[in-house]
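*Asks:* This is the structure I have questions about; it appears just below.
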4 protein chains.
Amino acid sequence: MSRFSEPQDPVFQQLNASLSFDRRLWPHDIAQSRAHARMLAAQQIIGEDDRDAILQGLDAVEAELVAGQFGFDAGDEDIHMAVERRLTEIAGPVGGKLHTARSRNDQVATDVVLFTRDAAGHATRAIDALVAALLDAAEAHLDWPLPGYTHLQRAQPVYLSHHLLAYVWMLQRDRARFVFAASQTAALPLGAGALAGVNFPTDRAAVAAELGFDSVVANSIDAVANRDFVLDYLGAAATCATHLSRLGAELVLWSSEEFGFVTLSDAWTSGSSIMPQKKNPDAAELLRAKAPRIVGHLAALHGVLHALPLTYNKDMQEDKEHLFDTVDTLDLCLASAAGMIRGARFDRERMSAAASDDLIAATDVADHLVKRGVPFRQCHGIVARLVRIAVDSGRSLGELTDEELTAASDELEPAQFRALLAQSSWLESKVSEGGTSLQRVREQLAAARAAHTPV
Amino acid sequence: MSRFSEPQDPVFQQLNASLSFDRRLWPHDIAQSRAHARMLAAQQIIGEDDRDAILQGLDAVEAELVAGQFGFDAGDEDIHMAVERRLTEIAGPVGGKLHTARSRNDQVATDVVLFTRDAAGHATRAIDALVAALLDAAEAHLDWPLPGYTHLQRAQPVYLSHHLLAYVWMLQRDRARFVFAASQTAALPLGAGALAGVNFPTDRAAVAAELGFDSVVANSIDAVANRDFVLDYLGAAATCATHLSRLGAELVLWSSEEFGFVTLSDAWTSGSSIMPQKKNPDAAELLRAKAPRIVGHLAALHGVLHALPLTYNKDMQEDKEHLFDTVDTLDLCLASAAGMIRGARFDRERMSAAASDDLIAATDVADHLVKRGVPFRQCHGIVARLVRIAVDSGRSLGELTDEELTAASDELEPAQFRALLAQSSWLESKVSEGGTSLQRVREQLAAARAAHTPV
Amino acid sequence: MSRFSEPQDPVFQQLNASLSFDRRLWPHDIAQSRAHARMLAAQQIIGEDDRDAILQGLDAVEAELVAGQFGFDAGDEDIHMAVERRLTEIAGPVGGKLHTARSRNDQVATDVVLFTRDAAGHATRAIDALVAALLDAAEAHLDWPLPGYTHLQRAQPVYLSHHLLAYVWMLQRDRARFVFAASQTAALPLGAGALAGVNFPTDRAAVAAELGFDSVVANSIDAVANRDFVLDYLGAAATCATHLSRLGAELVLWSSEEFGFVTLSDAWTSGSSIMPQKKNPDAAELLRAKAPRIVGHLAALHGVLHALPLTYNKDMQEDKEHLFDTVDTLDLCLASAAGMIRGARFDRERMSAAASDDLIAATDVADHLVKRGVPFRQCHGIVARLVRIAVDSGRSLGELTDEELTAASDELEPAQFRALLAQSSWLESKVSEGGTSLQRVREQLAAARAAHTPV
Amino acid sequence: MSRFSEPQDPVFQQLNASLSFDRRLWPHDIAQSRAHARMLAAQQIIGEDDRDAILQGLDAVEAELVAGQFGFDAGDEDIHMAVERRLTEIAGPVGGKLHTARSRNDQVATDVVLFTRDAAGHATRAIDALVAALLDAAEAHLDWPLPGYTHLQRAQPVYLSHHLLAYVWMLQRDRARFVFAASQTAALPLGAGALAGVNFPTDRAAVAAELGFDSVVANSIDAVANRDFVLDYLGAAATCATHLSRLGAELVLWSSEEFGFVTLSDAWTSGSSIMPQKKNPDAAELLRAKAPRIVGHLAALHGVLHALPLTYNKDMQEDKEHLFDTVDTLDLCLASAAGMIRGARFDRERMSAAASDDLIAATDVADHLVKRGVPFRQCHGIVARLVRIAVDSGRSLGELTDEELTAASDELEPAQFRALLAQSSWLESKVSEGGTSLQRVREQLAAARAAHTPV
């Protein structure tokens, strides 16, 4: 008998029910119930017979869930109640002993923290796979020049390897974020009861050990009120997705006819329902488009927790859908990025032609003057004037006359100036650590390989 | 001479100028310029005389800035240009040599990373101060009972110390987030040039050492395109602010006449312009209200970086205002929280009375039956029935008759039942690790003190 | 045959496929296809036989969809392709003529705009139903006093009717927002083709008329690139949900033991898995919790559209899940709010006792002095002093002595002062338009009834 | 004397003070105070002498504010208190009568609603100015072809006028949003007092009339608790900024060397500190970058209002900074967009060359087959096959042989096929309403001019 005299309104049940989404927590729910039952018996809170009956019942429930034959009831509010209900059907009233010294509050926190821990681990492995694809691509295109852009204007030439390695380092930072998020899942909430601890001499450390936790949450209120670890996961995912959106945006841009730097494989592109010629970079566009979705999830969960008095409030049920959709979305995005990179065919000629625009040697010319003793700021002005003369007269820098050059600066020796405009030297003069000269990129690639965890 | 033939539109200058907000970066800008100048000379890229002239000039510029006597020009687009302009006025054309082997792209990244590193360090110390206030308050109210709430319904009694310690653990996690954020500021961007590295044999490690970095950014493109560390700071701040919003919300709630658990000091409250009796918890409300502001900054910066092709784009100038306002807001919030906690006067009587509601012993009664062998789920039903009888007839649980009790369950011995309803036993029976029994709270407080870094 | 030589990668198909969510657009897809086919025939672009075959085929497809017997294929990328595929299976190659003068770009825009129009209409009706519940509740509690709060401190007493009517006006504004959103769905995108218009002399006005649009989108590029109407719907929903979160928060607060102003019906509350006494306001908490979810959807769609070059980009596929979840969430929330209000039992005694706190007459005492000619700001000071004396000595205002009163101000006649502290006069003196005096509330209720559209 | 015995903590004052940002409300504060004083006298709540003294005092205060000579005090918490303090200094104790029948709660709501009304009006005019620039640009480039893009792939050619007009229609919708937002500022909050109405027989309609409101807020609680109108303004601004971000993104893209469709004027571009050749589209990038900032403000204010119990809470002070920064940002963005459009120099040759890519005639070829009776879906397949043959062999469609063409379809007459590939016909065949044929664009331009409100 319940303390309620009236049944729940069907609209309320619809609003309240979480089973449609929290059912995917079942493996964690079963795992924690096993550990909990074993601990209860070890502490003599339930008998060994009870424990064995419960464990056998849980095996049967798990088998049904694995086989997709578990029969959910209309009355199952959530996965925890569904499992306990079925357990009791199978094992009899002893099933009702499983909830001794446990509340749904610490139970659900434990399921979610287990899920998040797994998700963080999975994300690091998916990142490793994408990094592997990028490293291979960097190696395969070690000395392919293309323009580096600032403000989407050609700025200075770089090697494609160097450009791709920039993503590797972003992803390595993302990996560190997921490792941090995983560290925030290392303490077991179970054992906190509803909020105050429980009336039984439980052994939380034993449960923690069985479930792979490093420690137990130190404060029972915090144990049931805390969803920081979900925020940490979502935060890591949001930044990672933002990185992927930059990659997606570049793939879209580079596969435009105007850039023409890359052809995405048929396996990662779509046609048009009306325009037979179209080969659309849908996957790259979706890679780009998913970041705001994940950022939205992060902001929404912050919003849910905003101003929420302790301890557990029903609002916190909102954590799960934001988390689950983020996990699924990020998983697809990371796998898609790896697939696209592995299938991409870069166009050496188009990139090289773009990188040969002699305007982008302007900094090198200025630096040449610096080496002759002219303060950099003056050199900048001298070369800017040359650029203006060239642009205004529709010529390249290389087409300026000797007179124009020497008029700009005494230090500008025409022959040397024209020699400077030879492309390879522009790249190879970037000798500073982390720069795009081939030697530096080779060092960088080696360091990136060393930092990489093979999948 | 510039490559431009037309002056900038005044509206564009207004849109473009960052000086009004980036001027606070000047200490970092001066510091990096000093390190850069020393390195240029050590590498023989500039002469020692040039270096000395630059360093003296920078001293003079710094003195003006410290004294608030630095004259900004209408034409100063940003703090970097303002400092270089003034340096050249003071030191002469040699000032123009400072920008050798440096671009604003790596320069601004370096200023921002230095600022963020400082801000993260500052946040950890402000957290330590708030934790100290909470630890003292917990110690001072070790055994003061109040109801613990779930769903804002009285659930089970806890000690105020236990409740306050929940915030300590949240804040310790926030601290870990800021330490992580600081770790993401440990690599020096300077030396990346515009994006590709520079044409000079610079010594980035030397600059890094002087400025307190552990390493240099491995990829020059990444160095100028990366703002992850700002996201990391904002993410840490958003979660911390969300925690503070929960604290603020509880202080508002508890200082209502209906709860009456706390009286905030006059130093942290305001009056009303029209209602003479009002004493409003404005500080607590603002503590609550600031979280969405910081979450908004975080989401906005993700939005700015979304789909941005490499490398540097002007959009990234938007990083600073989001960061600065977050730093200032969080700083005020942490200090305010500490001040409010130190000044709060808790009302032992009101809290204790609320905690004495005998309905909140219901779990304990159920657990009592469990210990007599009844499966928990049945116990829950038995007690729920008793609650319903009591509530329907307007009585407390303690007022139920012997007949009603034994009718509910054979195992329910009336005398024991009534003994159970004595408050202190409810708290003291929560003996599980992390629970609210006094012994457990004492252990927890000791652990929290041990984990605390005194300010 | 397609222009592609390689099949799509299964991961890409997963990322790309929208069928799992866009299938609910089918009624709109069928409706627009019927109108399109009729127009094509009327304009002699297809024959009448073709039209009839297509219409019969669409009837058959619709019947399968209604009956839940439509067989989706693994290869069906979206609902549009699924319907066309099935149509062609049923009607033969003539089915391939339906896509004449149409692109998926204008087709999907049309489906979404139709869906949004329906959703906006539905929202207005759901609001009307909630307003009806609030109006009835206001009428039933016309003269029940409770404290009005500012800063969650008791400020001045109001009638419950007055408080409930505040929500009515919020909701009427929400209604206006949905009416505005609906007005933004009044122009037909169909006929824009992929982006440039089509090569056939179509009659868009005829299609618009059949589908209930006021006009056609004036620019074919805008027709396929525009999702403003979704933003308008989401914006209206976000503000409405924020209003509901305030209502939910108040129901949670008022059903706490400390406030005790309301008892929610059993039909809208839940028990606890561990605490048998608990009756939790889960529905009210979820009402509160859903606003950030919808705000997150709004922000995410803005993020998706951010910086997106014209015209259609695949990113825009992200519009649908944000829209659909918002529609479903808001629908549940509005219905739940109405149900909770209709089932709520207010506690006249608790509210009245709280409203009788004589401190909240302080403004009235000050205004009394104003009427005797003392400037308001001085009156405020006089009464504030009295409040302080009372609070410091643990007395109510009514317990102050004659000496204390006259010492505070010559104008303060003790007898009148004490008469002022009689509760009903405090409410009834709020005679200003829109105030809480009974006469004013009666006028307001009549106006609110007049503004209400009965469901 | 206040009811407080202890001064406010300086940190609290910093957290609490709003003067640094709310001072810009002063014109509205003065205006409402004048109207309020006149009404109080007309209703004989204060004397005519008092009114005159107050009005003269307000004139003096206003003069100081206009002249920038108003002396703010350290103790001025907000602009309302500063004005009243100064008024009393100037006019004597009678200044204390101004706050009769008014609370800061309704006062601040009134200031903010007045500010928002003005801001919405200003936004519509700024939009009108931008629309004027776009209309002129459309007219000047009526028949300049460029590729229309979907998925950033060339899809079908359009005229530049048609493309620019797409933005006109977006902006007209934005205008409608601001008109709606203005409609939400049409009811006067003043007169609601703290929350319950006031103890005086005020004449709110008179105040409303003087301040240009259509009506008074019907419910005093709603009057002080409502900030919907700010959300409406922010929502309109967010969508408008998102449109501008699309325009900014296209200007960035089109001014890349790869696209080369537009050259932005020197007045709206910047150079680089290191690369002398750079001409960066900073203004266009910032136009792109500002949308997330405004979306962040919108989300943050929703967050602030989330779950806030009625009536006024200090949290609502957060409304102002979000509003003010949005107003300033949008203002700059709209003016910048107009300036950039007016200064942009489009490159007819580059655009036309891009539009001549014969692959983008593919739809036209398919439609040609449709007109010969082949179902569209088959036509699509036939042309897709031709595209594949051409792409695989590195030829254009026009270079396919007669054999290849007739092998693809009997209906494909080689001569007609090649005639179809002449560019102008592709554009001119888009005869459907809203399409890109010149006649249709002329109609559209006329309609857009008719819909435009000249500035």
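Following the order of the structure tokens, first chain is A, next is B, and so on, with residues numbered from 1 inside each chain and ligands from 1 in the order they appear.
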Hey, could you make a per-residue contact list for segment 271-302 of chain C against segment 300-318 of chain A with 7 Å as the cut-off, showing the nearest pair of atoms and its distance in Å to one decimal, counting only C-alpha atoms, sorted by chain and number, as a Markdown table?
*Replies:*
```
| residue | atom | partner | partner_atom | distance |
| --- | --- | --- | --- | --- |
| C:Asp282 | CA | A:Lys314 | CA | 5.7 |
| C:Glu285 | CA | A:Asp315 | CA | 5.7 |
| C:Leu286 | CA | A:Asp315 | CA | 5.5 |
| C:Ala289 | CA | A:Asp315 | CA | 4.9 |
| C:Pro292 | CA | A:Ala300 | CA | 4.8 |
| C:Arg293 | CA | A:Ala300 | CA | 5.2 |
| C:Gly296 | CA | A:Ala300 | CA | 5.1 |
```
*Asks:* Mind checking which residues fall within 10 Å of Pro27 of chain A, counting only C-alpha atoms, ignoring those fewer than 4 positions away in the same chain, and posting them as a list in words?
*Replies:* Arg23, Ala31, Gln32, Ser33, Glu62, Leu65, Val66, Asp111, Leu114 and Phe115 of chain A
*Asks:* Go ahead and save the picked residues with N, CA, C and O atoms, as a PDB file, in the first residue's frame.
*Replies:*
```pdb
ATOM      1  N   ARG A  23      16.653   3.375 -19.793  1.00  0.00           N
ATOM      2  CA  ARG A  23      16.800   1.909 -19.882  1.00  0.00           C
ATOM      3  C   ARG A  23      18.206   1.507 -20.327  1.00  0.00           C
ATOM      4  O   ARG A  23      18.654   0.413 -20.045  1.00  0.00           O
ATOM      5  N   ALA A  31      25.041  -4.343 -12.541  1.00  0.00           N
ATOM      6  CA  ALA A  31      26.375  -4.487 -11.942  1.00  0.00           C
ATOM      7  C   ALA A  31      26.388  -3.958 -10.510  1.00  0.00           C
ATOM      8  O   ALA A  31      26.937  -4.590  -9.597  1.00  0.00           O
ATOM      9  N   GLN A  32      25.796  -2.789 -10.303  1.00  0.00           N
ATOM     10  CA  GLN A  32      25.828  -2.238  -8.948  1.00  0.00           C
ATOM     11  C   GLN A  32      24.959  -3.072  -8.006  1.00  0.00           C
ATOM     12  O   GLN A  32      25.282  -3.220  -6.820  1.00  0.00           O
ATOM     13  N   SER A  33      23.867  -3.625  -8.524  1.00  0.00           N
ATOM     14  CA  SER A  33      23.011  -4.436  -7.657  1.00  0.00           C
ATOM     15  C   SER A  33      23.734  -5.696  -7.212  1.00  0.00           C
ATOM     16  O   SER A  33      23.612  -6.144  -6.067  1.00  0.00           O
ATOM     17  N   GLU A  62      19.233 -10.113 -16.384  1.00  0.00           N
ATOM     18  CA  GLU A  62      20.238  -9.686 -17.353  1.00  0.00           C
ATOM     19  C   GLU A  62      20.096 -10.460 -18.663  1.00  0.00           C
ATOM     20  O   GLU A  62      20.194  -9.887 -19.757  1.00  0.00           O
ATOM     21  N   LEU A  65      17.383  -9.031 -20.640  1.00  0.00           N
ATOM     22  CA  LEU A  65      17.735  -7.721 -21.201  1.00  0.00           C
ATOM     23  C   LEU A  65      18.681  -7.869 -22.382  1.00  0.00           C
ATOM     24  O   LEU A  65      18.510  -7.235 -23.428  1.00  0.00           O
ATOM     25  N   VAL A  66      19.681  -8.752 -22.234  1.00  0.00           N
ATOM     26  CA  VAL A  66      20.623  -8.989 -23.322  1.00  0.00           C
ATOM     27  C   VAL A  66      19.894  -9.512 -24.556  1.00  0.00           C
ATOM     28  O   VAL A  66      20.161  -9.098 -25.691  1.00  0.00           O
ATOM     29  N   ASP A 111      24.623   4.677 -11.209  1.00  0.00           N
ATOM     30  CA  ASP A 111      24.477   4.282 -12.614  1.00  0.00           C
ATOM     31  C   ASP A 111      25.047   5.343 -13.554  1.00  0.00           C
ATOM     32  O   ASP A 111      25.758   5.034 -14.516  1.00  0.00           O
ATOM     33  N   LEU A 114      28.831   5.551 -13.469  1.00  0.00           N
ATOM     34  CA  LEU A 114      29.424   4.425 -14.202  1.00  0.00           C
ATOM     35  C   LEU A 114      29.319   4.644 -15.705  1.00  0.00           C
ATOM     36  O   LEU A 114      30.273   4.404 -16.460  1.00  0.00           O
ATOM     37  N   PHE A 115      28.154   5.076 -16.126  1.00  0.00           N
ATOM     38  CA  PHE A 115      27.951   5.333 -17.555  1.00  0.00           C
ATOM     39  C   PHE A 115      28.935   6.389 -18.049  1.00  0.00           C
ATOM     40  O   PHE A 115      29.549   6.260 -19.115  1.00  0.00           O
TER      41      PHE A 115
END
```
*Asks:* Got a sec: who's within 10 Å of Thr263 of chain D, counting only C-alpha atoms, leaving out chain neighbours fewer than 3 positions off, as JSON, numbers by chain?
*Replies:* {"D": [251, 252, 254, 255, 256, 257, 260, 266, 269, 279, 281, 343, 344, 345, 346, 347]}
*Asks:* How would the residues just chosen look if you wrote them out with N, CA, C and O atoms as a PDB file, in the first residue's frame?
*Replies:*
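Resulting contents of part-v4.pdb:
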```pdb
ATOM      1  N   LEU D 251      30.890  37.576 -46.821  1.00  0.00           N
ATOM      2  CA  LEU D 251      31.852  38.609 -47.224  1.00  0.00           C
ATOM      3  C   LEU D 251      33.282  38.129 -46.983  1.00  0.00           C
ATOM      4  O   LEU D 251      34.182  38.382 -47.792  1.00  0.00           O
ATOM      5  N   VAL D 252      33.504  37.430 -45.885  1.00  0.00           N
ATOM      6  CA  VAL D 252      34.824  36.846 -45.631  1.00  0.00           C
ATOM      7  C   VAL D 252      35.187  35.863 -46.737  1.00  0.00           C
ATOM      8  O   VAL D 252      36.279  35.906 -47.314  1.00  0.00           O
ATOM      9  N   TRP D 254      33.869  35.490 -49.773  1.00  0.00           N
ATOM     10  CA  TRP D 254      33.956  36.086 -51.109  1.00  0.00           C
ATOM     11  C   TRP D 254      35.184  36.972 -51.274  1.00  0.00           C
ATOM     12  O   TRP D 254      35.612  37.224 -52.387  1.00  0.00           O
ATOM     13  N   SER D 255      35.736  37.450 -50.170  1.00  0.00           N
ATOM     14  CA  SER D 255      36.934  38.276 -50.314  1.00  0.00           C
ATOM     15  C   SER D 255      38.210  37.452 -50.179  1.00  0.00           C
ATOM     16  O   SER D 255      39.306  38.003 -50.202  1.00  0.00           O
ATOM     17  N   SER D 256      38.080  36.126 -50.057  1.00  0.00           N
ATOM     18  CA  SER D 256      39.275  35.280 -50.118  1.00  0.00           C
ATOM     19  C   SER D 256      39.809  35.303 -51.546  1.00  0.00           C
ATOM     20  O   SER D 256      39.071  35.562 -52.498  1.00  0.00           O
ATOM     21  N   GLU D 257      41.105  35.036 -51.670  1.00  0.00           N
ATOM     22  CA  GLU D 257      41.693  34.985 -53.002  1.00  0.00           C
ATOM     23  C   GLU D 257      41.010  33.899 -53.848  1.00  0.00           C
ATOM     24  O   GLU D 257      40.871  34.047 -55.058  1.00  0.00           O
ATOM     25  N   GLY D 260      37.318  35.459 -54.576  1.00  0.00           N
ATOM     26  CA  GLY D 260      37.614  36.687 -55.313  1.00  0.00           C
ATOM     27  C   GLY D 260      36.394  37.397 -55.870  1.00  0.00           C
ATOM     28  O   GLY D 260      36.476  38.102 -56.874  1.00  0.00           O
ATOM     29  N   ASP D 266      39.000  49.773 -48.340  1.00  0.00           N
ATOM     30  CA  ASP D 266      40.034  49.976 -47.323  1.00  0.00           C
ATOM     31  C   ASP D 266      39.420  50.457 -46.015  1.00  0.00           C
ATOM     32  O   ASP D 266      39.928  50.143 -44.919  1.00  0.00           O
ATOM     33  N   THR D 269      38.619  47.429 -43.725  1.00  0.00           N
ATOM     34  CA  THR D 269      39.576  46.321 -43.620  1.00  0.00           C
ATOM     35  C   THR D 269      40.791  46.782 -42.826  1.00  0.00           C
ATOM     36  O   THR D 269      40.978  47.969 -42.605  1.00  0.00           O
ATOM     37  N   LYS D 279      45.363  42.293 -46.274  1.00  0.00           N
ATOM     38  CA  LYS D 279      44.219  43.199 -46.182  1.00  0.00           C
ATOM     39  C   LYS D 279      43.097  42.336 -45.641  1.00  0.00           C
ATOM     40  O   LYS D 279      42.518  41.527 -46.360  1.00  0.00           O
ATOM     41  N   PRO D 281      39.606  41.182 -43.723  1.00  0.00           N
ATOM     42  CA  PRO D 281      38.209  41.621 -43.622  1.00  0.00           C
ATOM     43  C   PRO D 281      37.735  41.630 -42.172  1.00  0.00           C
ATOM     44  O   PRO D 281      36.713  41.010 -41.837  1.00  0.00           O
ATOM     45  N   GLY D 343      30.433  49.999 -49.520  1.00  0.00           N
ATOM     46  CA  GLY D 343      31.811  50.132 -49.986  1.00  0.00           C
ATOM     47  C   GLY D 343      32.326  48.945 -50.775  1.00  0.00           C
ATOM     48  O   GLY D 343      33.431  49.001 -51.322  1.00  0.00           O
ATOM     49  N   ALA D 344      31.550  47.890 -50.872  1.00  0.00           N
ATOM     50  CA  ALA D 344      32.046  46.663 -51.505  1.00  0.00           C
ATOM     51  C   ALA D 344      32.129  46.820 -53.024  1.00  0.00           C
ATOM     52  O   ALA D 344      31.229  47.383 -53.642  1.00  0.00           O
ATOM     53  N   ARG D 345      33.200  46.308 -53.588  1.00  0.00           N
ATOM     54  CA  ARG D 345      33.356  46.322 -55.058  1.00  0.00           C
ATOM     55  C   ARG D 345      33.324  44.874 -55.533  1.00  0.00           C
ATOM     56  O   ARG D 345      34.243  44.103 -55.243  1.00  0.00           O
ATOM     57  N   PHE D 346      32.257  44.516 -56.217  1.00  0.00           N
ATOM     58  CA  PHE D 346      32.124  43.133 -56.681  1.00  0.00           C
ATOM     59  C   PHE D 346      32.893  42.948 -57.981  1.00  0.00           C
ATOM     60  O   PHE D 346      33.074  43.885 -58.763  1.00  0.00           O
ATOM     61  N   ASP D 347      33.353  41.742 -58.217  1.00  0.00           N
ATOM     62  CA  ASP D 347      34.163  41.446 -59.392  1.00  0.00           C
ATOM     63  C   ASP D 347      33.318  40.645 -60.382  1.00  0.00           C
ATOM     64  O   ASP D 347      33.175  39.430 -60.269  1.00  0.00           O
TER      65      ASP D 347
END
```
*Asks:* As a list in words, please: the residues near segment 389-399 of chain B (cut-off 8 Å, only C-alpha atoms, same-chain neighbours under 6 positions excluded).
*Replies:*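 Close residues of segment 389-399 of chain B: Asp358, Leu359, Arg418 and Leu421 of chain B.
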*Asks:* Pick out each residue of segment 251-422 of chain D that DSSP on the backbone tags as strand (DSSP E or B); I need them as a list of chain:residue names.
*Replies:* D:Val262, D:Thr263, D:Ser270, D:Asn280, D:Arg345, D:Phe346
*Asks:* Name all residues at most 9 Å from Gln13 of chain C (count only C-alpha atoms; drop same-chain ones fewer than 3 positions away) and give them as a list in words.
*Replies:*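 In the requested format, the answer is Trp268 and Ala283 of chain A; Gln8, Asp9, Pro10, Asn16, Ala17, Gly75 and Glu77 of chain C.
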*Asks:* Store the residues picked out above, limited to N, CA, C and O atoms, as a PDB file, in the first residue's frame.
*Replies:*
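Below you can see out_1.pdb, which holds the result:
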```pdb
ATOM      1  N   TRP A 268      31.652   9.355 -48.237  1.00  0.00           N
ATOM      2  CA  TRP A 268      31.361  10.382 -47.224  1.00  0.00           C
ATOM      3  C   TRP A 268      30.685  11.605 -47.807  1.00  0.00           C
ATOM      4  O   TRP A 268      30.751  12.703 -47.245  1.00  0.00           O
ATOM      5  N   ALA A 283      28.704  14.993 -44.778  1.00  0.00           N
ATOM      6  CA  ALA A 283      29.322  14.533 -43.529  1.00  0.00           C
ATOM      7  C   ALA A 283      30.137  15.647 -42.896  1.00  0.00           C
ATOM      8  O   ALA A 283      30.082  15.872 -41.683  1.00  0.00           O
TER       9      ALA A 283
ATOM     10  N   GLN C   8      27.929   4.610 -49.684  1.00  0.00           N
ATOM     11  CA  GLN C   8      28.168   5.432 -48.494  1.00  0.00           C
ATOM     12  C   GLN C   8      28.644   4.575 -47.335  1.00  0.00           C
ATOM     13  O   GLN C   8      28.196   3.455 -47.150  1.00  0.00           O
ATOM     14  N   ASP C   9      29.526   5.133 -46.564  1.00  0.00           N
ATOM     15  CA  ASP C   9      30.017   4.456 -45.363  1.00  0.00           C
ATOM     16  C   ASP C   9      28.865   4.333 -44.355  1.00  0.00           C
ATOM     17  O   ASP C   9      28.093   5.272 -44.169  1.00  0.00           O
ATOM     18  N   PRO C  10      28.751   3.169 -43.716  1.00  0.00           N
ATOM     19  CA  PRO C  10      27.637   2.995 -42.767  1.00  0.00           C
ATOM     20  C   PRO C  10      27.645   4.037 -41.640  1.00  0.00           C
ATOM     21  O   PRO C  10      26.581   4.462 -41.182  1.00  0.00           O
ATOM     22  N   ASN C  16      24.094  10.829 -41.180  1.00  0.00           N
ATOM     23  CA  ASN C  16      23.343  11.591 -42.177  1.00  0.00           C
ATOM     24  C   ASN C  16      21.834  11.374 -42.100  1.00  0.00           C
ATOM     25  O   ASN C  16      21.054  12.271 -42.392  1.00  0.00           O
ATOM     26  N   ALA C  17      21.450  10.169 -41.714  1.00  0.00           N
ATOM     27  CA  ALA C  17      20.035   9.792 -41.825  1.00  0.00           C
ATOM     28  C   ALA C  17      19.182  10.610 -40.870  1.00  0.00           C
ATOM     29  O   ALA C  17      19.514  10.804 -39.714  1.00  0.00           O
ATOM     30  N   GLY C  75      17.572   1.854 -46.892  1.00  0.00           N
ATOM     31  CA  GLY C  75      18.118   2.883 -47.766  1.00  0.00           C
ATOM     32  C   GLY C  75      17.376   4.204 -47.735  1.00  0.00           C
ATOM     33  O   GLY C  75      17.786   5.159 -48.397  1.00  0.00           O
ATOM     34  N   GLU C  77      16.768   7.535 -46.745  1.00  0.00           N
ATOM     35  CA  GLU C  77      17.564   8.518 -46.023  1.00  0.00           C
ATOM     36  C   GLU C  77      16.692   9.435 -45.180  1.00  0.00           C
ATOM     37  O   GLU C  77      17.062   9.829 -44.077  1.00  0.00           O
TER      38      GLU C  77
END
```
*Asks:* As number ranges by chain, please: the residues near Val441 of chain D (cut-off 9 Å, only C-alpha atoms, same-chain neighbours under 4 positions excluded).
*Replies:* C: 219; D: 142, 159, 161-162, 165, 434-437, 445-446
*Asks:* Nearest residue to Val262 of chain C out of C:Gly373, C:Arg350, C:Ser220, C:Ala186, using only C-alpha atoms?
*Replies:*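 Closest to Val262 of chain C of all the choices is C:Arg350.
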